[in-house]
file start_2.csv (CSV, C-alpha atoms)
chain,number,residue,atom,x,y,z
A,20,MET,CA,83.5,72.4,99.0
A,21,ASN,CA,87.2,73.3,98.9
A,22,ASN,CA,89.5,75.5,97.0
A,23,LYS,CA,91.2,73.0,94.7
A,24,LEU,CA,89.4,74.6,91.8
A,25,LYS,CA,90.1,74.4,88.1
A,26,ILE,CA,91.1,78.1,88.0
A,27,THR,CA,92.5,81.0,89.9
A,28,ILE,CA,93.0,82.0,93.3
A,29,ALA,CA,91.1,79.5,95.4
A,30,VAL,CA,87.7,81.1,95.3
A,31,VAL,CA,85.4,81.7,98.3
A,32,ILE,CA,82.5,79.5,97.4
A,33,THR,CA,79.1,79.6,99.1
A,34,ALA,CA,77.3,76.6,97.6
A,35,VAL,CA,76.8,74.4,94.5
A,36,ILE,CA,73.3,75.3,93.5
A,37,THR,CA,71.2,73.3,91.0
A,38,PHE,CA,69.7,76.0,88.7
A,39,THR,CA,67.1,75.5,86.0
A,40,LEU,CA,66.2,78.3,83.5
A,41,THR,CA,62.4,78.5,83.7
A,42,ASN,CA,60.4,81.6,83.2
A,43,VAL,CA,63.4,83.9,83.6
A,44,LEU,CA,63.8,85.1,80.0
A,45,ASN,CA,63.5,88.8,80.8
A,46,GLY,CA,65.8,91.8,80.8
A,47,SER,CA,69.3,91.0,79.5
A,48,LEU,CA,68.5,87.3,79.4
A,49,GLN,CA,66.3,87.9,76.3
A,50,VAL,CA,69.5,87.7,74.3
A,51,LEU,CA,69.1,83.9,74.5
A,52,ASP,CA,65.9,84.3,72.4
A,53,ASN,CA,67.1,87.2,70.3
A,54,VAL,CA,66.2,87.5,66.6
A,55,LYS,CA,69.7,88.7,65.8
A,56,MET,CA,71.2,85.7,67.5
A,57,LYS,CA,69.0,83.3,65.5
A,58,GLU,CA,69.7,85.2,62.3
A,59,ALA,CA,73.5,85.1,62.8
A,60,MET,CA,73.4,81.4,63.6
A,61,THR,CA,71.3,80.6,60.5
A,62,VAL,CA,73.7,82.6,58.2
A,63,PHE,CA,76.7,80.9,59.8
A,64,SER,CA,75.2,77.4,59.6
A,65,TYR,CA,74.2,77.6,56.0
A,66,THR,CA,77.2,79.5,54.6
A,67,TYR,CA,80.3,78.6,56.6
A,68,ASN,CA,82.8,76.7,54.4
A,69,GLY,CA,83.9,74.3,57.1
A,70,ASP,CA,82.7,72.0,59.9
A,71,VAL,CA,79.8,73.6,61.7
A,72,PRO,CA,79.7,72.9,65.5
A,73,ASP,CA,76.7,71.1,66.7
A,74,ARG,CA,73.9,72.9,68.5
A,75,GLU,CA,75.2,72.1,72.0
A,76,ALA,CA,78.7,73.2,71.2
A,77,MET,CA,77.3,76.5,69.8
A,78,THR,CA,75.2,77.1,72.9
A,79,ASP,CA,78.2,76.4,75.1
A,80,GLY,CA,80.3,78.8,73.1
A,81,ALA,CA,77.6,81.5,73.2
A,82,ILE,CA,77.2,81.3,77.0
A,83,SER,CA,81.0,81.2,77.5
A,84,GLY,CA,81.4,84.3,75.4
A,85,ILE,CA,78.7,86.2,77.3
A,86,LEU,CA,80.4,85.5,80.6
A,87,GLU,CA,83.8,86.5,79.2
A,88,LEU,CA,82.4,90.0,78.5
A,89,THR,CA,82.4,90.6,82.3
A,90,ASN,CA,86.2,90.5,82.3
A,91,ASP,CA,85.9,88.8,85.6
A,92,PRO,CA,88.3,85.9,85.9
A,93,TYR,CA,86.1,84.3,88.5
A,94,THR,CA,82.9,84.2,86.4
A,95,ASN,CA,83.1,81.2,84.1
A,96,TYR,CA,81.0,78.7,82.2
A,97,TYR,CA,81.9,75.0,82.1
A,98,ASN,CA,80.4,72.5,79.6
A,99,LYS,CA,79.3,69.2,80.9
A,100,GLU,CA,82.7,67.5,80.6
A,101,ASP,CA,84.6,70.5,82.1
A,102,PHE,CA,82.1,70.9,85.0
A,103,LYS,CA,82.5,67.3,85.9
A,104,ARG,CA,86.3,67.8,86.1
A,105,TYR,CA,85.7,71.0,88.1
A,106,LEU,CA,83.6,69.2,90.7
A,107,GLU,CA,86.1,66.3,90.9
A,108,ASP,CA,88.9,68.9,91.6
A,109,VAL,CA,86.7,70.5,94.3
A,110,GLN,CA,85.8,67.2,95.9
A,111,GLY,CA,89.1,65.4,95.8
A,112,ASN,CA,92.7,65.2,94.5
A,113,PHE,CA,93.7,66.3,91.1
A,114,VAL,CA,96.7,65.9,88.7
A,115,GLY,CA,98.7,69.0,88.1
A,116,LEU,CA,101.5,71.2,89.3
A,117,GLY,CA,100.0,72.5,92.6
A,118,VAL,CA,99.9,76.2,91.8
A,119,VAL,CA,97.1,78.7,92.2
A,120,VAL,CA,96.9,81.3,89.5
A,121,THR,CA,94.8,84.3,88.6
A,122,LEU,CA,94.8,87.1,86.0
A,123,ASP,CA,96.5,90.3,87.2
A,124,ASN,CA,95.4,93.8,86.3
A,125,ASP,CA,97.7,93.7,83.2
A,126,GLY,CA,96.2,90.5,81.9
A,127,TYR,CA,99.0,88.2,82.8
A,128,VAL,CA,98.5,84.7,84.2
A,129,THR,CA,100.0,85.2,87.6
A,130,VAL,CA,101.0,82.9,90.5
A,131,VAL,CA,99.1,83.6,93.7
A,132,ALA,CA,100.8,80.8,95.6
A,133,PRO,CA,102.1,77.2,95.1
A,134,TYR,CA,100.9,74.5,97.5
A,135,GLU,CA,103.6,73.1,99.7
A,136,ASP,CA,105.4,69.9,98.6
A,137,THR,CA,104.1,70.1,95.0
A,138,PRO,CA,106.0,70.3,91.7
A,139,ALA,CA,105.5,74.1,91.6
A,140,TYR,CA,106.7,74.5,95.2
A,141,ARG,CA,109.8,72.3,94.6
A,142,ALA,CA,110.6,74.2,91.4
A,143,GLY,CA,110.7,77.4,93.3
A,144,MET,CA,107.7,79.2,91.8
A,145,LEU,CA,106.9,82.4,93.7
A,146,THR,CA,103.9,84.6,94.3
A,147,GLY,CA,103.8,87.2,91.6
A,148,ASP,CA,105.5,85.1,88.9
A,149,LYS,CA,104.0,85.6,85.5
A,150,ILE,CA,103.3,82.5,83.5
A,151,ILE,CA,104.0,83.5,79.9
A,152,LYS,CA,104.0,80.1,78.1
A,153,VAL,CA,103.2,76.5,78.8
A,154,ASP,CA,105.0,73.9,76.6
A,155,GLY,CA,106.0,76.8,74.2
A,156,GLU,CA,102.4,78.0,73.7
A,157,ASP,CA,101.9,81.7,74.3
A,158,LEU,CA,99.1,82.2,76.8
A,159,ASN,CA,98.2,85.8,76.0
A,160,GLY,CA,96.3,86.1,79.3
A,161,ASN,CA,94.2,83.1,78.7
A,162,LEU,CA,93.7,81.7,82.3
A,163,ASP,CA,91.6,78.7,81.4
A,164,ARG,CA,94.1,77.6,78.7
A,165,ALA,CA,97.0,78.0,81.2
A,166,VAL,CA,95.3,75.7,83.7
A,167,TYR,CA,94.2,73.3,81.0
A,168,LEU,CA,97.8,72.9,79.7
A,169,MET,CA,99.5,72.8,83.1
A,170,LYS,CA,97.1,70.0,84.2
A,171,GLY,CA,97.6,68.2,81.0
A,172,GLN,CA,93.9,67.9,80.4
A,173,ASP,CA,94.5,67.1,76.8
A,174,LEU,CA,96.3,64.0,77.8
A,175,LYS,CA,94.6,60.7,78.6
A,176,ASN,CA,96.8,60.1,81.6
A,177,PRO,CA,98.8,63.2,82.6
A,178,GLU,CA,100.2,61.9,85.8
A,179,GLY,CA,104.0,61.5,85.5
A,180,THR,CA,104.3,63.6,82.3
A,181,ASP,CA,106.6,66.7,82.0
A,182,VAL,CA,105.5,70.2,81.2
A,183,VAL,CA,107.7,73.3,80.5
A,184,VAL,CA,106.5,76.5,82.0
A,185,THR,CA,108.0,79.9,80.9
A,186,ILE,CA,108.1,82.3,83.8
A,187,ARG,CA,108.6,86.1,83.9
A,188,ARG,CA,110.0,87.4,87.2
A,189,GLU,CA,110.7,90.9,88.1
A,190,GLY,CA,114.3,91.8,87.6
A,191,MET,CA,115.1,88.7,85.6
A,192,ALA,CA,115.0,87.5,82.0
A,193,ASP,CA,112.2,85.0,81.2
A,194,PHE,CA,113.2,81.5,82.0
A,195,ASP,CA,111.9,77.9,81.6
A,196,VAL,CA,111.1,75.5,84.4
A,197,THR,CA,110.4,71.8,83.7
A,198,MET,CA,108.1,70.1,86.1
A,199,THR,CA,106.5,66.6,86.3
A,200,ARG,CA,102.7,66.5,86.8
A,201,GLU,CA,101.6,64.5,89.8
A,202,VAL,CA,98.5,63.9,91.9
A,203,ILE,CA,98.2,66.8,94.3
A,204,HIS,CA,97.3,65.9,97.8
A,205,VAL,CA,96.6,69.0,99.8
A,206,LYS,CA,96.7,68.4,103.6
A,207,SER,CA,95.0,71.5,104.8
A,208,VAL,CA,96.1,71.7,108.5
A,209,THR,CA,99.4,70.7,110.3
A,210,SER,CA,100.6,71.6,113.7
A,211,HIS,CA,103.3,71.1,116.3
A,212,MET,CA,104.6,72.6,119.5
A,213,LEU,CA,107.3,75.3,119.7
A,214,ASP,CA,109.1,76.5,122.9
A,215,ASP,CA,107.4,78.4,125.7
A,216,GLY,CA,104.0,76.8,125.3
A,217,VAL,CA,103.5,78.3,121.8
A,218,GLY,CA,101.5,76.1,119.4
A,219,TYR,CA,102.2,76.5,115.7
A,220,LEU,CA,99.3,75.6,113.4
A,221,LYS,CA,99.5,76.0,109.6
A,222,ILE,CA,96.4,76.1,107.4
A,223,THR,CA,97.3,75.7,103.7
A,224,SER,CA,93.7,75.9,102.3
A,225,PHE,CA,90.1,76.0,103.5
A,226,ASP,CA,88.7,72.7,102.3
A,227,GLU,CA,85.4,71.0,103.2
A,228,ASP,CA,87.0,69.2,106.2
A,229,THR,CA,89.5,71.9,107.3
A,230,ASP,CA,87.3,73.0,110.3
A,231,GLU,CA,87.4,69.4,111.6
A,232,GLU,CA,91.2,69.2,111.0
A,233,PHE,CA,91.6,72.5,112.7
A,234,GLU,CA,89.7,71.3,115.8
A,235,GLU,CA,91.6,68.0,116.0
A,236,ASN,CA,95.0,69.9,115.7
A,237,VAL,CA,94.0,72.4,118.4
A,238,LYS,CA,93.0,69.6,120.8
A,239,SER,CA,96.3,67.9,120.2
A,240,LEU,CA,98.2,71.1,120.9
A,241,GLN,CA,96.2,71.8,124.0
A,242,LYS,CA,97.1,68.3,125.3
A,243,SER,CA,100.7,69.1,124.7
A,244,GLY,CA,100.5,72.2,126.9
A,245,MET,CA,99.7,75.0,124.4
A,246,SER,CA,99.0,78.3,126.1
A,247,LYS,CA,99.5,80.6,123.0
A,248,LEU,CA,98.8,79.9,119.3
A,249,VAL,CA,100.4,81.0,116.0
A,250,ILE,CA,98.1,80.5,113.0
A,251,ASP,CA,100.1,80.5,109.8
A,252,LEU,CA,98.0,81.6,106.8
A,253,ARG,CA,101.0,82.5,104.5
A,254,ASN,CA,100.5,81.4,100.9
A,255,ASN,CA,97.0,80.1,101.8
A,256,PRO,CA,94.9,81.1,98.7
A,257,GLY,CA,91.5,80.6,100.4
A,258,GLY,CA,88.6,78.2,99.9
A,259,ASP,CA,85.3,77.4,101.5
A,260,PHE,CA,83.4,80.4,103.0
A,261,ASP,CA,81.3,78.3,105.5
A,262,VAL,CA,84.4,76.5,106.7
A,263,VAL,CA,86.4,79.6,107.4
A,264,CYS,CA,83.4,81.1,109.3
A,265,LYS,CA,83.3,78.0,111.5
A,266,ILE,CA,87.0,78.3,112.3
A,267,ALA,CA,86.6,82.0,113.1
A,268,ASP,CA,83.6,81.2,115.3
A,269,SER,CA,85.9,78.9,117.4
A,270,LEU,CA,88.4,81.6,117.9
A,271,LEU,CA,86.1,84.6,118.6
A,272,GLY,CA,83.7,85.4,121.3
A,273,GLU,CA,80.3,86.8,120.5
A,274,SER,CA,81.0,89.1,117.6
A,275,VAL,CA,80.6,89.7,113.8
A,276,ILE,CA,82.9,87.5,111.7
A,277,THR,CA,82.1,89.1,108.3
A,278,TYR,CA,79.2,90.1,106.2
A,279,THR,CA,78.4,89.8,102.5
A,280,GLU,CA,76.5,92.2,100.2
A,281,ASN,CA,74.9,91.3,96.9
A,282,LYS,CA,74.1,93.4,93.8
A,283,LYS,CA,70.8,94.6,95.5
A,284,GLY,CA,72.6,95.8,98.5
A,285,GLU,CA,71.3,93.1,100.7
A,286,LYS,CA,73.6,92.2,103.6
A,287,VAL,CA,74.0,88.8,105.3
A,288,TYR,CA,76.0,88.8,108.6
A,289,GLN,CA,78.1,85.8,109.9
A,290,ARG,CA,78.3,85.9,113.7
A,291,SER,CA,80.2,83.9,116.3
A,292,ASP,CA,78.8,82.7,119.6
A,293,ALA,CA,80.4,83.3,123.0
A,294,GLU,CA,82.3,80.0,123.2
A,295,MET,CA,85.9,80.2,122.0
A,296,ILE,CA,89.4,78.8,122.3
A,297,ASP,CA,90.8,81.0,125.1
A,298,CYS,CA,94.5,81.8,124.5
A,299,PRO,CA,96.5,84.6,122.9
A,300,VAL,CA,96.7,84.3,119.1
A,301,ALA,CA,99.0,85.6,116.4
A,302,VAL,CA,98.3,85.3,112.7
A,303,LEU,CA,100.9,85.2,109.9
A,304,ILE,CA,100.0,86.5,106.5
A,305,ASN,CA,101.8,87.5,103.3
A,306,GLN,CA,100.9,88.5,99.7
A,307,GLY,CA,99.9,84.9,99.0
A,308,SER,CA,97.2,84.9,101.7
A,309,ALA,CA,93.9,85.5,99.9
A,310,SER,CA,90.2,85.1,100.0
A,311,ALA,CA,89.1,82.9,102.9
A,312,SER,CA,92.4,83.6,104.6
A,313,GLU,CA,91.5,87.3,104.5
A,314,VAL,CA,88.1,86.5,106.0
A,315,LEU,CA,89.7,84.9,109.0
A,316,THR,CA,92.5,87.5,109.3
A,317,GLY,CA,90.0,90.4,109.0
A,318,ALA,CA,87.7,88.9,111.6
A,319,LEU,CA,90.5,88.3,114.2
A,320,LYS,CA,92.2,91.7,113.5
A,321,ASP,CA,89.0,93.8,113.6
A,322,ASN,CA,87.8,92.1,116.8
A,323,LYS,CA,91.2,92.7,118.3
A,324,ARG,CA,91.4,88.9,118.9
A,325,ALA,CA,94.9,88.4,117.3
A,326,VAL,CA,98.0,90.3,116.4
A,327,VAL,CA,98.7,90.0,112.7
A,328,VAL,CA,102.3,89.8,111.5
A,329,GLY,CA,103.8,89.7,108.1
A,330,GLU,CA,103.0,91.5,104.8
A,331,THR,CA,99.9,92.9,103.2
A,332,SER,CA,97.6,90.1,102.0
A,333,TYR,CA,96.5,89.5,98.4
A,334,GLY,CA,93.2,91.4,98.4
A,335,LYS,CA,90.3,89.3,97.2
A,336,GLY,CA,87.1,90.4,98.7
A,337,ILE,CA,84.5,88.9,96.3
A,338,VAL,CA,82.4,85.7,96.6
A,339,GLN,CA,81.6,83.2,94.0
A,340,SER,CA,78.7,80.8,93.8
A,341,VAL,CA,78.7,77.7,91.7
A,342,PHE,CA,75.5,76.8,89.8
A,343,LYS,CA,74.8,73.4,88.3
A,344,LEU,CA,72.6,73.7,85.2
A,345,SER,CA,69.9,71.2,84.3
A,346,ASP,CA,72.0,69.5,81.5
A,347,GLY,CA,75.0,68.9,83.8
A,348,SER,CA,77.0,72.0,82.7
A,349,GLY,CA,77.7,74.7,85.2
A,350,MET,CA,78.8,78.2,86.0
A,351,SER,CA,80.9,80.0,88.7
A,352,VAL,CA,79.5,83.5,89.2
A,353,THR,CA,80.7,86.4,91.3
A,354,THR,CA,77.6,87.1,93.4
A,355,ASP,CA,78.7,89.0,96.5
A,356,LYS,CA,81.3,91.2,98.1
A,357,TYR,CA,82.4,90.5,101.6
A,358,PHE,CA,83.4,93.0,104.3
A,359,THR,CA,85.5,92.8,107.4
A,360,PRO,CA,83.6,93.5,110.7
A,361,SER,CA,84.6,97.1,110.5
A,362,GLY,CA,82.9,97.5,107.1
A,363,VAL,CA,85.9,97.3,104.8
A,364,CYS,CA,85.9,95.5,101.5
A,365,ILE,CA,89.5,94.5,101.0
A,366,HIS,CA,89.2,93.6,97.3
A,367,GLY,CA,92.3,94.9,95.5
A,368,ILE,CA,93.6,96.3,98.7
A,369,GLY,CA,94.4,93.5,101.1
A,370,ILE,CA,94.8,93.5,104.8
A,371,GLN,CA,97.7,95.3,106.4
A,372,PRO,CA,99.4,93.5,109.3
A,373,ASP,CA,99.6,95.0,112.7
A,374,VAL,CA,103.4,94.4,112.6
A,375,GLU,CA,105.0,94.4,109.1
A,376,VAL,CA,107.9,92.1,108.6
A,377,GLN,CA,109.2,91.5,105.1
A,378,MET,CA,110.6,88.1,104.2
A,379,GLU,CA,111.5,86.2,101.1
A,380,ILE,CA,108.9,83.5,100.5
A,381,THR,CA,111.5,80.8,99.9
A,382,ALA,CA,112.8,81.3,103.4
A,383,ILE,CA,109.6,80.0,105.1
A,384,GLN,CA,110.4,76.9,107.0
A,385,PRO,CA,108.6,76.1,110.3
A,386,ASP,CA,110.9,76.4,113.3
A,387,SER,CA,113.6,78.1,111.2
A,388,LYS,CA,115.4,80.9,113.0
A,389,ASP,CA,115.5,82.5,109.5
A,390,ASP,CA,111.7,82.8,109.6
A,391,VAL,CA,111.7,86.3,110.9
A,392,GLN,CA,107.9,86.6,110.6
A,393,LEU,CA,107.4,83.6,112.8
A,394,GLN,CA,110.0,84.8,115.3
A,395,LYS,CA,108.3,88.2,115.5
A,396,ALA,CA,104.9,86.5,116.0
A,397,ILE,CA,106.3,84.5,118.9
A,398,GLU,CA,107.9,87.6,120.3
A,399,MET,CA,104.6,89.4,120.3
A,400,LEU,CA,102.8,86.5,122.0
A,401,LEU,CA,105.5,86.3,124.8
A,402,GLN,CA,105.3,90.0,125.6

call {"tool": "encode", "arguments": {"input": "start_2.csv", "output": "structure tokens"}}
result
Amino acid sequence: MNNKLKITIAVVITAVITFTLTNVLNGSLQVLDNVKMKEAMTVFSYTYNGDVPDREAMTDGAISGILELTNDPYTNYYNKEDFKRYLEDVQGNFVGLGVVVTLDNDGYVTVVAPYEDTPAYRAGMLTGDKIIKVDGEDLNGNLDRAVYLMKGQDLKNPEGTDVVVTIRREGMADFDVTMTREVIHVKSVTSHMLDDGVGYLKITSFDEDTDEEFEENVKSLQKSGMSKLVIDLRNNPGGDFDVVCKIADSLLGESVITYTENKKGEKVYQRSDAEMIDCPVAVLINQGSASASEVLTGALKDNKRAVVVGETSYGKGIVQSVFKLSDGSGMSVTTDKYFTPSGVCIHGIGIQPDVEVQMEITAIQPDSKDDVQLQKAIEMLLQ
């Protein structure tokens, strides 16, 4: 499973689990069989002077409303049609603008990071931009609506259609950007050799095949004489939990990668074996590095396996699981917190680099002498 999800900052996902509600109507779940609920629905159905939604639509609305009470942007319900689209996005390409968004603490739809070579990236959207309107419609903090409109999911064939996004950026008046929707192809790993035996490897997201792409790129760099490695995780919004643990395993000796803790306090540890890629490593992060990117960064930093250069990362230390319900609908639910090997949950905090180097995001270009973060990482490796 990858991180090209319908919503938010690419979520760390553990699995898609088929879940059937049988013999679990206890505790808070009794609301589904509540007398008050039945009474209210009866009154509504018999008295409302308008079109009454069918039973399935009312059930969908009730479940969605209950999950919204959590105020957790990562816990969501999807009806059958939406869940089908959700899984299609997870498993393949999608039409849209190529931007990962979340709700910030003030309730604004906020850019985490644009994917490279996408309409959002080419339009100059930046981490931290607030998306106020889409095609003139005020979003009022409605994350699902923002994604729906930017993807053009109300259109039969959104590819090639234009959309106007109103952006609020610190220190500037609100402004409009017009972009054309296109099929988003996210190639998760690219690499090439720099001078002095330094290999440069960029991971843009942790998709279901990213660990295989990572291995292939490392082997290619090794054949080209790599003796030191820079891993660029800037603007990487995250993705698959299992995949990032496999990559961390390949870079670490025998050690703890991370551990998760559920609501019962139960901990599950992810560990690496002794086999590892044996060369000095530097990791680049910035405020657009989130979720699975922070799992990898935290594992390498805490185990003193890499020097971390750049800016404090985004700070998403929670894990979602995706549940497929028996009728084909589904839910994404925050189920765990994850911790770095030293026992820190970085949610809302982020990971601080070993060497802080500030840089405008728009200046990031591989091999550019203006990329002061990359140049500092190379300098640290050559010491």

call {"tool": "closest_atom_pairs", "arguments": {"input": "start_2.csv", "of": "segment 161-238 of chain A", "to": "segment 132-142 of chain A", "cutoff": "10 Å", "atoms": "all atoms listed in the file", "output": "Markdown table"}}
result
| residue | atom | partner | partner_atom | distance |
| --- | --- | --- | --- | --- |
| A:Val184 | CA | A:Ala139 | CA | 9.9 |
| A:Val196 | CA | A:Ala142 | CA | 7.1 |
| A:Thr197 | CA | A:Ala142 | CA | 8.1 |
| A:Met198 | CA | A:Pro138 | CA | 6.0 |
| A:Thr199 | CA | A:Pro138 | CA | 6.6 |
| A:Arg200 | CA | A:Pro138 | CA | 7.0 |
| A:Glu201 | CA | A:Pro138 | CA | 7.5 |
| A:Val202 | CA | A:Thr137 | CA | 8.9 |
| A:Ile203 | CA | A:Thr137 | CA | 6.8 |
| A:His204 | CA | A:Thr137 | CA | 8.5 |
| A:Val205 | CA | A:Tyr134 | CA | 7.4 |
| A:Lys206 | CA | A:Glu135 | CA | 9.2 |
| A:Ser207 | CA | A:Tyr134 | CA | 9.9 |
| A:Thr223 | CA | A:Tyr134 | CA | 7.3 |
| A:Ser224 | CA | A:Tyr134 | CA | 8.8 |

call {"tool": "residues_around", "arguments": {"input": "start_2.csv", "residues": "Asn322 of chain A", "least_positions_apart": "6", "cutoff": "9 Å", "atoms": "only C-alpha atoms", "output": "list in words"}}
result
Leu271, Ser274, Val275, Ile276, Pro360 and Ser361 of chain A

call {"tool": "write_last_selection", "arguments": {"input": "start_2.csv", "atoms": "C-alpha atoms", "output": "compact mmCIF listing (two decimals), in the frame of the given file"}}
result
# COMPACT_ATOMS: atom_id res chain seq x y z
CA LEU A 271 86.10 84.60 118.60
CA SER A 274 81.00 89.10 117.60
CA VAL A 275 80.60 89.70 113.80
CA ILE A 276 82.90 87.50 111.70
CA PRO A 360 83.60 93.50 110.70
CA SER A 361 84.60 97.10 110.50

call {"tool": "closest_residue", "arguments": {"input": "start_2.csv", "among": "A:Ser243, A:Ser83, A:Asn255, A:Gln394", "to": "Ala301 of chain A", "atoms": "only C-alpha atoms"}}
result
A:Gln394

call {"tool": "residues_around", "arguments": {"input": "start_2.csv", "residues": "Asn254 of chain A", "least_positions_apart": "3", "cutoff": "10 Å", "atoms": "only C-alpha atoms", "output": "list in words"}}
result
Val119, Val131, Ala132, Pro133, Tyr134, Glu135, Leu145, Thr146, Ile222, Thr223, Ser224, Asp251, Gly257, Leu303, Ile304, Asn305, Gln306, Gly307, Ser308, Ala309, Ser312, Ser332, Tyr333 and Ile380 of chain A

call {"tool": "atom_distance", "arguments": {"input": "start_2.csv", "atom1": "atom CA of Lys152 of chain A", "atom2": "atom CA of His366 of chain A"}}
result
27.7 Å

call {"tool": "atom_distance", "arguments": {"input": "start_2.csv", "atom1": "atom CA of Val153 of chain A", "atom2": "atom CA of Glu178 of chain A"}}
result
16.5 Å

call {"tool": "atom_distance", "arguments": {"input": "start_2.csv", "atom1": "atom CA of Ala311 of chain A", "atom2": "atom CA of Leu344 of chain A"}}
result
25.9 Å

call {"tool": "residues_around", "arguments": {"input": "start_2.csv", "residues": "segment 92-106 of chain A", "least_positions_apart": "4", "cutoff": "7 Å", "atoms": "all atoms listed in the file", "output": "PyMOL selection string"}}
result
chain A and resi 24-25+79+82-83+86+110+122+347-353

call {"tool": "residues_near_point", "arguments": {"input": "start_2.csv", "point": "(90.5, 86.8, 98.4)", "cutoff": "6 Å", "atoms": "all atoms listed in the file", "output": "ChimeraX atom specification"}}
result
/A:309-310,334-336

call {"tool": "residues_near_point", "arguments": {"input": "start_2.csv", "point": "(101.2, 71.4, 122.5)", "cutoff": "8 Å", "atoms": "all atoms listed in the file", "output": "list in words"}}
result
His211, Met212, Leu213, Gly216, Val217, Gly218, Ser239, Leu240, Gln241, Lys242, Ser243, Gly244 and Met245 of chain A

call {"tool": "write_last_selection", "arguments": {"input": "start_2.csv", "atoms": "C-alpha atoms", "output": "PDB file, in the frame of the given file"}}
result
ATOM      1  CA  HIS A 211     103.300  71.100 116.300  1.00  0.00           C
ATOM      2  CA  MET A 212     104.600  72.600 119.500  1.00  0.00           C
ATOM      3  CA  LEU A 213     107.300  75.300 119.700  1.00  0.00           C
ATOM      4  CA  GLY A 216     104.000  76.800 125.300  1.00  0.00           C
ATOM      5  CA  VAL A 217     103.500  78.300 121.800  1.00  0.00           C
ATOM      6  CA  GLY A 218     101.500  76.100 119.400  1.00  0.00           C
ATOM      7  CA  SER A 239      96.300  67.900 120.200  1.00  0.00           C
ATOM      8  CA  LEU A 240      98.200  71.100 120.900  1.00  0.00           C
ATOM      9  CA  GLN A 241      96.200  71.800 124.000  1.00  0.00           C
ATOM     10  CA  LYS A 242      97.100  68.300 125.300  1.00  0.00           C
ATOM     11  CA  SER A 243     100.700  69.100 124.700  1.00  0.00           C
ATOM     12  CA  GLY A 244     100.500  72.200 126.900  1.00  0.00           C
ATOM     13  CA  MET A 245      99.700  75.000 124.400  1.00  0.00           C
TER      14      MET A 245
END

call {"tool": "closest_residue", "arguments": {"input": "start_2.csv", "among": "A:Glu375, A:Glu231, A:Asp125, A:Asp148", "to": "Val302 of chain A", "atoms": "all atoms listed in the file"}}
result
A:Glu375

call {"tool": "residues_around", "arguments": {"input": "start_2.csv", "residues": "Lys356 of chain A", "least_positions_apart": "3", "cutoff": "8 Å", "atoms": "all atoms listed in the file", "output": "PyMOL selection string"}}
result
chain A and resi 279-281+336-338+364

call {"tool": "residues_around", "arguments": {"input": "start_2.csv", "residues": "segment 370-374 of chain A", "least_positions_apart": "2", "cutoff": "6 Å", "atoms": "only C-alpha atoms", "output": "list in words"}}
result
Val327, Val328, Gly329, Thr331 and Ser332 of chain A

call {"tool": "closest_residue", "arguments": {"input": "start_2.csv", "among": "A:Val118, A:Asp195, A:Asp321, A:Glu398", "to": "Ala165 of chain A", "atoms": "only C-alpha atoms"}}
result
A:Val118

call {"tool": "closest_residue", "arguments": {"input": "start_2.csv", "among": "A:Gly115, A:Pro256, A:Gly317, A:Pro299", "to": "Asn176 of chain A", "atoms": "all atoms listed in the file"}}
result
A:Gly115

call {"tool": "closest_residue", "arguments": {"input": "start_2.csv", "among": "A:Lys282, A:Arg187, A:Lys238, A:Lys170", "to": "Ile151 of chain A", "atoms": "all atoms listed in the file"}}
result
A:Arg187

call {"tool": "decode", "arguments": {"input": "start_2.csv", "residues": "segment 300-314 of chain A", "atoms": "C-alpha atoms", "output": "compact mmCIF listing (two decimals), in the first residue's frame"}}
result
# COMPACT_ATOMS: atom_id res chain seq x y z
CA VAL A 300 24.99 7.95 5.26
CA ALA A 301 23.54 11.46 5.45
CA VAL A 302 19.80 12.17 5.44
CA LEU A 303 18.16 15.39 4.21
CA ILE A 304 14.85 16.47 5.78
CA ASN A 305 12.67 19.58 5.89
CA GLN A 306 9.24 20.58 7.14
CA GLY A 307 7.65 18.59 4.30
CA SER A 308 9.24 15.34 5.53
CA ALA A 309 6.53 13.46 7.38
CA SER A 310 5.19 10.17 8.66
CA ALA A 311 7.18 7.26 7.16
CA SER A 312 9.99 9.70 6.34
CA GLU A 313 10.23 10.42 10.04
CA VAL A 314 10.23 6.70 10.86
